[in-house]
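Enquirer: Quick one: structure below, then a few questions.
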Amino acid sequence: KTGSLPAAHSMPQSLAPSPQPLSLVLLLSPAHCGGKRARMLLRPNATSEAAERLRAGAMTLGEAFALMSSLYFRGKLAYARAIAERHGAAAAAFVITPTRGLLAPNTMASVALLEEFAATDIAADEPRYRQPLERDLAALVPRLGADGRVVLLGSIATDKYVAVLAPLLGERLHYPPAFVGRGDMSRGGLLLRSAAAGAELDSVPLTTVSARRGRRPPRLVPPPASRPARRATTRIR
């Protein structure tokens, strides 16, 4: 889809100049805002608690994307929170968005913002996506410490993220090799497990990842438990 650029907005506060250098930045690819779960959440007559919270301005972007997505985004969000907390002020996490560059997961969401996202394709040649992202990446680079890493938690199978990130980040752009060959659900499960254990996944410079697509790795071994925990879900009606 094509159209004019979205209205200008200020960069996230955590990208503003600061004396504290960042040693780790986690970039989360976004949830799809045009799918069935998103449409149910954004439906004007939706009566679920989640839809009412969104309309009241009481839902964060991270929460909204977790509802719209499958296990994958929930895993990315849980992992980012756990690992960033472990690193303290030297770490930050951002969501790559279709039109607003990098936003913190705790940014408050709105129906209008999510509808804006749904109306824009994430593609390297889409200026409404690329230009705000390049602007925020340019603000991020000076915040990185000498050994600062930016780890992409998203797909490298296409150029939609890499073609924008790599020219500005170079060798600082890292990727978890454990992601290669896994589908979204498997990556989500891996991230949730790592978050629960407080274990950071290995990451390497993206330039050293020889294959963007690889053989499917062995399935994750279920954690020892007498009975699978029943997961609470939020119904969107």
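Here, A, B, ... name the chains of the structure tokens in the order displayed, residue numbers run from 1 inside each chain, and ligands are numbered from 1 in the same displayed order.
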Near Ser203 (chain A), counting only C-alpha atoms, which residues have an atom at most 6 Å away, once you skip same-chain residues fewer than 3 positions from it, shown as a PyMOL selection string?
Expert: chain A and resi 174-176
Enquirer: Assign secondary structure with DSSP using the backbone only, and return the residues of region 21-67 of chain A in helix (DSSP H, G or I) as a list in words.
Expert: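 The residues of region 21-67 of chain A classed as helix (DSSP H, G or I) are Lys36, Arg37, Ala38, Arg39, Met40, Leu41, Leu42, Glu49, Ala50, Ala51, Glu52, Arg53, Leu54, Arg55, Leu61, Gly62, Glu63, Ala64, Phe65, Ala66 and Leu67 of chain A.
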Enquirer: Please measure the separation of CA of Pro142 (chain A) and CA of Lys160 (chain A), giving the value in Å to one decimal.
Expert: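 The value is 23.5 Å.
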Enquirer: Find the spatial neighbours of region 21-34 of chain A, counting only C-alpha atoms, within a cut-off of 7 Å - ignore same-chain residues fewer than 3 positions away - and output them as a PyMOL selection string.
Expert: chain A and resi 38-39+65+68-69+73+76+80+90-97+114+117-118+143-145+147-154
Enquirer: With distances taken over only C-alpha atoms, which residue among A:Leu42, A:Leu201, A:Leu137, A:Ile83 lies nearest Leu67 (chain A)?
Expert: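 Comparing A:Leu42, A:Leu201, A:Leu137, A:Ile83 against Leu67 (chain A), the winner is A:Leu42.
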Enquirer: Tell me, in Å to one decimal, how far CA of Leu77 (chain A) is from CA of Ala146 (chain A).
Expert: 26.1 Å
Enquirer: Kindly indicate which residue among A:Met185, A:Ala166, A:Leu192, A:Leu54 lies nearest to Ala112 (chain A), using only C-alpha atoms for the distances.
Expert: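 Ranking A:Met185, A:Ala166, A:Leu192, A:Leu54 by distance to Ala112 (chain A), first place goes to A:Leu54.
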Enquirer: Would you pick out the contacts of Ser110 (chain A) at 12 Å or less, using only C-alpha atoms, so that residues sharing its chain but fewer than 5 positions from it are not included, and give the list as a ChimeraX atom specification?
Expert: /A:41-42,50-65,115-117
Enquirer: Could you tell me, as a list in words, which residues of region 118-208 of chain A DSSP assigns to strand (DSSP E) when given the backbone?
Expert: Leu144, Gly145, Ala146, Asp147, Gly148, Arg149, Val150, Val151, Leu152, Leu153, Leu173, His174, Tyr175, Val204 and Pro205 of chain A
Enquirer: Output N, CA and C atoms for every residue in that selection, as a JSON list (two decimals), in the first residue's frame.
Expert:
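Output (out.json):
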[["chain", "number", "residue", "atom", "x", "y", "z"],
["A", 144, "LEU", "N", 25.00, 3.67, 21.75],
["A", 144, "LEU", "CA", 25.63, 2.37, 21.97],
["A", 144, "LEU", "C", 27.03, 2.54, 22.53],
["A", 145, "GLY", "N", 27.37, 1.68, 23.49],
["A", 145, "GLY", "CA", 28.72, 1.66, 24.02],
["A", 145, "GLY", "C", 29.68, 1.07, 23.01],
["A", 146, "ALA", "N", 30.96, 1.04, 23.37],
["A", 146, "ALA", "CA", 31.99, 0.56, 22.46],
["A", 146, "ALA", "C", 31.71, -0.86, 21.97],
["A", 147, "ASP", "N", 31.17, -1.70, 22.85],
["A", 147, "ASP", "CA", 30.86, -3.08, 22.48],
["A", 147, "ASP", "C", 29.35, -3.32, 22.42],
["A", 148, "GLY", "N", 28.60, -2.25, 22.22],
["A", 148, "GLY", "CA", 27.14, -2.38, 22.21],
["A", 148, "GLY", "C", 26.63, -3.24, 21.07],
["A", 149, "ARG", "N", 25.65, -4.08, 21.39],
["A", 149, "ARG", "CA", 25.04, -4.97, 20.40],
["A", 149, "ARG", "C", 23.57, -4.62, 20.24],
["A", 150, "VAL", "N", 23.08, -4.78, 19.01],
["A", 150, "VAL", "CA", 21.66, -4.64, 18.72],
["A", 150, "VAL", "C", 21.18, -5.98, 18.19],
["A", 151, "VAL", "N", 20.37, -6.67, 18.98],
["A", 151, "VAL", "CA", 19.95, -8.03, 18.64],
["A", 151, "VAL", "C", 18.55, -7.99, 18.04],
["A", 152, "LEU", "N", 18.44, -8.48, 16.82],
["A", 152, "LEU", "CA", 17.14, -8.54, 16.14],
["A", 152, "LEU", "C", 16.41, -9.80, 16.55],
["A", 153, "LEU", "N", 15.22, -9.63, 17.12],
["A", 153, "LEU", "CA", 14.33, -10.76, 17.41],
["A", 153, "LEU", "C", 13.22, -10.70, 16.37],
["A", 173, "LEU", "N", 24.86, -5.22, 14.49],
["A", 173, "LEU", "CA", 23.60, -5.95, 14.34],
["A", 173, "LEU", "C", 23.85, -7.44, 14.56],
["A", 174, "HIS", "N", 23.22, -7.97, 15.59],
["A", 174, "HIS", "CA", 23.40, -9.38, 15.94],
["A", 174, "HIS", "C", 22.09, -10.15, 15.76],
["A", 175, "TYR", "N", 22.24, -11.48, 15.75],
["A", 175, "TYR", "CA", 21.10, -12.37, 15.55],
["A", 175, "TYR", "C", 21.34, -13.67, 16.31],
["A", 204, "VAL", "N", 25.23, -13.57, 17.45],
["A", 204, "VAL", "CA", 26.45, -13.33, 16.67],
["A", 204, "VAL", "C", 26.17, -12.22, 15.67],
["A", 205, "PRO", "N", 27.21, -11.55, 15.17],
["A", 205, "PRO", "CA", 26.97, -10.55, 14.14],
["A", 205, "PRO", "C", 26.22, -11.18, 12.96]]
